[in-house]
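What's in entry-v2.txt: compact mmCIF, C-alpha atoms
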```
# COMPACT_ATOMS: atom_id res chain seq x y z
CA MET A 227 0.00 0.00 0.00
CA LYS A 228 1.57 3.30 -1.06
CA PHE A 229 2.17 6.24 1.26
CA THR A 230 0.93 9.78 0.62
CA GLY A 231 1.99 13.08 2.13
CA VAL A 232 3.11 16.63 1.49
CA ILE A 233 6.64 17.95 1.10
CA ILE A 234 7.21 21.70 1.22
CA GLU A 235 9.87 22.41 -1.39
CA GLU A 236 11.21 25.43 0.52
CA SER A 237 11.95 23.14 3.50
CA LEU A 238 14.54 21.26 1.45
CA GLU A 239 18.22 22.05 1.35
CA ASP A 240 18.67 19.24 -1.18
CA LYS A 241 15.77 19.01 -3.64
CA ASP A 242 17.11 15.77 -5.22
CA VAL A 243 14.82 13.81 -2.88
CA LEU A 244 11.88 14.99 -4.99
CA ARG A 245 13.16 12.64 -7.72
CA ASP A 246 12.48 9.70 -5.39
CA VAL A 247 8.76 10.40 -5.04
CA GLN A 248 5.84 10.71 -7.41
CA ILE A 249 4.39 14.22 -7.26
CA SER A 250 0.63 14.03 -7.81
CA ASN A 251 -0.22 17.69 -7.14
CA THR A 252 1.54 20.99 -6.45
CA LYS A 253 0.07 24.03 -4.76
CA VAL A 254 1.78 27.35 -4.01
CA GLU A 255 0.75 29.34 -0.92
CA ALA A 256 1.83 32.82 0.08
CA VAL A 257 3.55 32.81 3.47
CA THR A 258 1.58 34.47 6.25
CA GLU A 259 2.72 35.57 9.70
CA GLU A 260 1.08 32.44 11.13
CA HIS A 261 3.48 30.22 9.17
CA LYS A 262 6.40 31.64 11.19
CA THR A 263 8.73 31.36 8.18
CA PRO A 264 9.58 35.01 7.40
CA TRP A 265 12.75 34.03 5.51
CA ILE A 266 10.64 32.81 2.56
CA LYS A 267 7.80 34.36 0.57
CA GLN A 268 5.91 31.22 -0.43
CA TRP A 269 5.41 27.55 0.33
CA THR A 270 5.39 25.13 -2.61
CA LEU A 271 3.44 22.13 -1.35
CA HIS A 272 3.99 18.92 -3.29
CA THR A 273 1.50 16.13 -2.62
CA VAL A 274 3.57 12.99 -3.03
CA GLU A 275 3.14 9.24 -3.32
CA ILE A 276 5.79 6.78 -2.17
CA PRO A 277 5.77 3.02 -2.80
CA GLU A 278 5.66 0.99 0.40
CA ASP A 279 8.95 -0.75 -0.40
CA ARG A 280 10.73 2.63 -0.72
CA ALA A 281 9.27 4.36 2.36
CA ASP A 282 12.21 3.77 4.74
CA ALA A 283 14.77 4.87 2.14
CA VAL A 284 12.81 7.99 1.21
CA ALA A 285 12.34 8.90 4.90
CA GLU A 286 16.08 8.53 5.51
CA LYS A 287 17.01 10.60 2.46
CA LEU A 288 14.43 13.24 3.29
CA SER A 289 15.78 13.52 6.84
CA HIS A 290 19.14 14.57 5.39
CA ALA A 291 17.59 16.83 2.74
CA LEU A 292 15.65 19.09 5.12
CA ASP A 293 16.95 22.60 5.78
CA SER A 294 19.70 22.59 8.42
CA LYS A 295 19.14 26.23 9.45
CA HIS A 296 15.42 26.07 10.25
CA ALA A 297 13.19 23.52 11.96
CA TRP A 298 10.96 21.75 9.44
CA TYR A 299 9.30 18.39 9.22
CA ALA A 300 7.63 16.38 6.49
CA ASP A 301 5.31 13.42 6.79
CA PHE A 302 3.66 10.71 4.78
CA LYS A 303 1.35 7.88 5.73
CA ASN A 304 -0.79 4.97 4.66
CA ASP A 305 -3.54 3.18 6.58
CA ASP A 306 -1.06 1.41 8.87
CA PHE A 307 2.02 3.60 9.35
CA HIS A 308 2.89 7.29 9.53
CA TYR A 309 6.41 8.57 8.86
CA ILE A 310 7.26 11.87 10.53
CA ILE A 311 10.59 13.22 9.32
CA PHE A 312 12.77 15.91 10.89
CA ARG A 313 16.35 16.90 10.03
CA ASN A 314 18.53 13.82 10.68
CA LYS A 315 15.73 11.91 12.46
CA PHE A 316 12.50 10.21 11.54
CA PHE A 317 9.75 8.36 13.37
CA LYS A 318 7.77 5.45 11.96
CA VAL A 319 4.52 5.43 13.92
CA ASP A 320 2.03 2.57 14.03
CA ARG A 321 -1.18 4.53 13.42
CA SER A 322 -3.18 2.19 15.67
CA LYS A 323 -1.07 3.30 18.67
CA LYS A 324 -1.73 7.00 19.32
CA GLU A 325 0.84 7.08 22.12
CA GLN A 326 3.62 6.48 19.54
CA TYR A 327 2.99 10.00 18.25
CA ASP A 328 4.12 11.47 21.59
CA ASN A 329 7.85 11.08 20.89
CA ALA A 330 7.53 12.78 17.52
CA VAL A 331 5.52 15.67 19.00
CA ARG A 332 8.00 16.05 21.87
CA PHE A 333 10.89 16.12 19.40
CA GLY A 334 9.17 18.69 17.16
CA LEU A 335 8.43 20.93 20.14
CA SER A 336 12.08 20.67 21.26
CA LEU A 337 13.07 22.10 17.86
CA GLY A 338 10.81 25.10 18.40
CA ILE A 339 8.10 24.05 15.96
CA PRO A 340 4.77 25.50 17.20
CA SER A 341 2.37 22.83 18.47
CA TYR A 342 -0.35 23.88 16.01
CA GLN A 343 2.01 22.99 13.15
CA LEU A 344 2.55 19.49 14.57
CA ASP A 345 -0.92 18.54 13.40
CA PHE A 346 0.18 15.04 12.37
CA SER A 347 -0.73 13.84 15.89
CA PRO A 348 -4.34 12.83 16.55
CA ASP A 349 -3.91 14.24 20.09
CA ILE A 350 -2.35 17.61 19.23
CA GLU A 351 -5.13 19.46 21.08
CA ALA A 352 -3.95 17.81 24.31
CA TRP A 353 -0.38 18.98 23.60
CA GLU A 354 -1.60 22.53 22.96
CA ARG A 355 -3.14 22.63 26.44
CA LYS A 356 0.13 21.63 28.14
```

What would the structure in this file look like if it were written as structure tokens?
Amino acid sequence: MKFTGVIIEESLEDKDVLRDVQISNTKVEAVTEEHKTPWIKQWTLHTVEIPEDRADAVAEKLSHALDSKHAWYADFKNDDFHYIIFRNKFFKVDRSKKEQYDNAVRFGLSLGIPSYQLDFSPDIEAWERK
């Protein structure tokens, strides 16, 4: 079963990783103050598909491709697993175990990513109240 997700092109230091995924849609958004990314003017959001047998390799490559100066993450998922990728680290979460998201949220928060942007977790509202 293939994985789907979104990669923000401006989050990448090395865009070669985009060759390893199938881009099914691209949308460009103007950056707003809420995005908290004043160093760029737009986000180019690529909806991507990744074959199941390539998911680990793409997650690893993506973790090294993300911007080293700013805290970003990317994610992709299927019905069973959710990959959450940060610079030099990724989490493979069993989607049936909500508590497995906690480590990824904790890590994202430690990087200074606002909790509302860590919306990959089904329990993000609980984190926002902490």

*Compile the contact shell of range 286-300 of chain A as a list in words: residues with an atom at most 6 Å away, counting only C-alpha atoms, same-chain residues fewer than 4 positions apart removed.*
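Non-adjacent residues within range: Ile233, Ser237, Leu238, Glu239, Asp240, Ile311, Phe312, Arg313, Asn314 and Lys315 of chain A.
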
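Nearest residue to Asn304 in chain A among A:Thr258, A:Ser322, A:Thr252, A:Asn329 is A:Ser322, counting all atoms listed in the file.
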
_Could you tell me how far CA of Met227 in chain A sits from CA of Arg280 in chain A, in Å to one decimal place?_
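Computed distance, CA of Arg280 in chain A to CA of Met227 in chain A, equals 11.1 Å.
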
_Expected answer as JSON, numbers by chain: all residues with atoms within 10 Å of (0.4, 12.9, 9.0), all atoms listed in the file_ = {"A": [230, 231, 232, 300, 301, 302, 303, 304, 307, 308, 309, 310, 319, 321, 344, 345, 346, 347, 348]}

*Distance query Ile276 in chain A at most 6 Å, only C-alpha atoms, self and fewer than 5 positions along chain excluded, as a ChimeraX atom specification*: /A:228-229,247

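CA of Glu255 in chain A sits 5.1 Å away from CA of Trp269 in chain A.
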
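What separates CA of Pro277 in chain A from CA of Asn251 in chain A is a distance of 16.4 Å.
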
*Using only C-alpha atoms, which of the listed residues (A:Thr273, A:Lys324, A:Asp306, A:Gln268) sits closest to Gln248 in chain A?*
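Nearest to Gln248 in chain A: A:Thr273.
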
*For Ile249 in chain A, the nearest of the candidates A:Glu275, A:Thr270, A:Tyr327, A:Trp265, counting all atoms listed in the file*: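 Of the candidates, the smallest distance to Ile249 in chain A is held by A:Glu275.
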
*Which residue out of A:Ile234, A:Gly338, A:Val274, A:Lys241 has the minimum interatomic distance to Val257 in chain A when only C-alpha atoms are used?*
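Closest to Val257 in chain A, using only C-alpha atoms: A:Ile234.
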
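Minimum atom-to-atom distance to Val243 in chain A, evaluated using only C-alpha atoms, belongs to A:Val284 out of A:Val284, A:Phe333, A:Phe316, A:Asp328.
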
*Taking into account all atoms listed in the file, which residue in the set A:Glu278, A:Glu235, A:Asp242, A:Glu260 is nearest to Ile339 in chain A?*
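Answer, going by the shortest atom-to-atom distance: A:Glu260.
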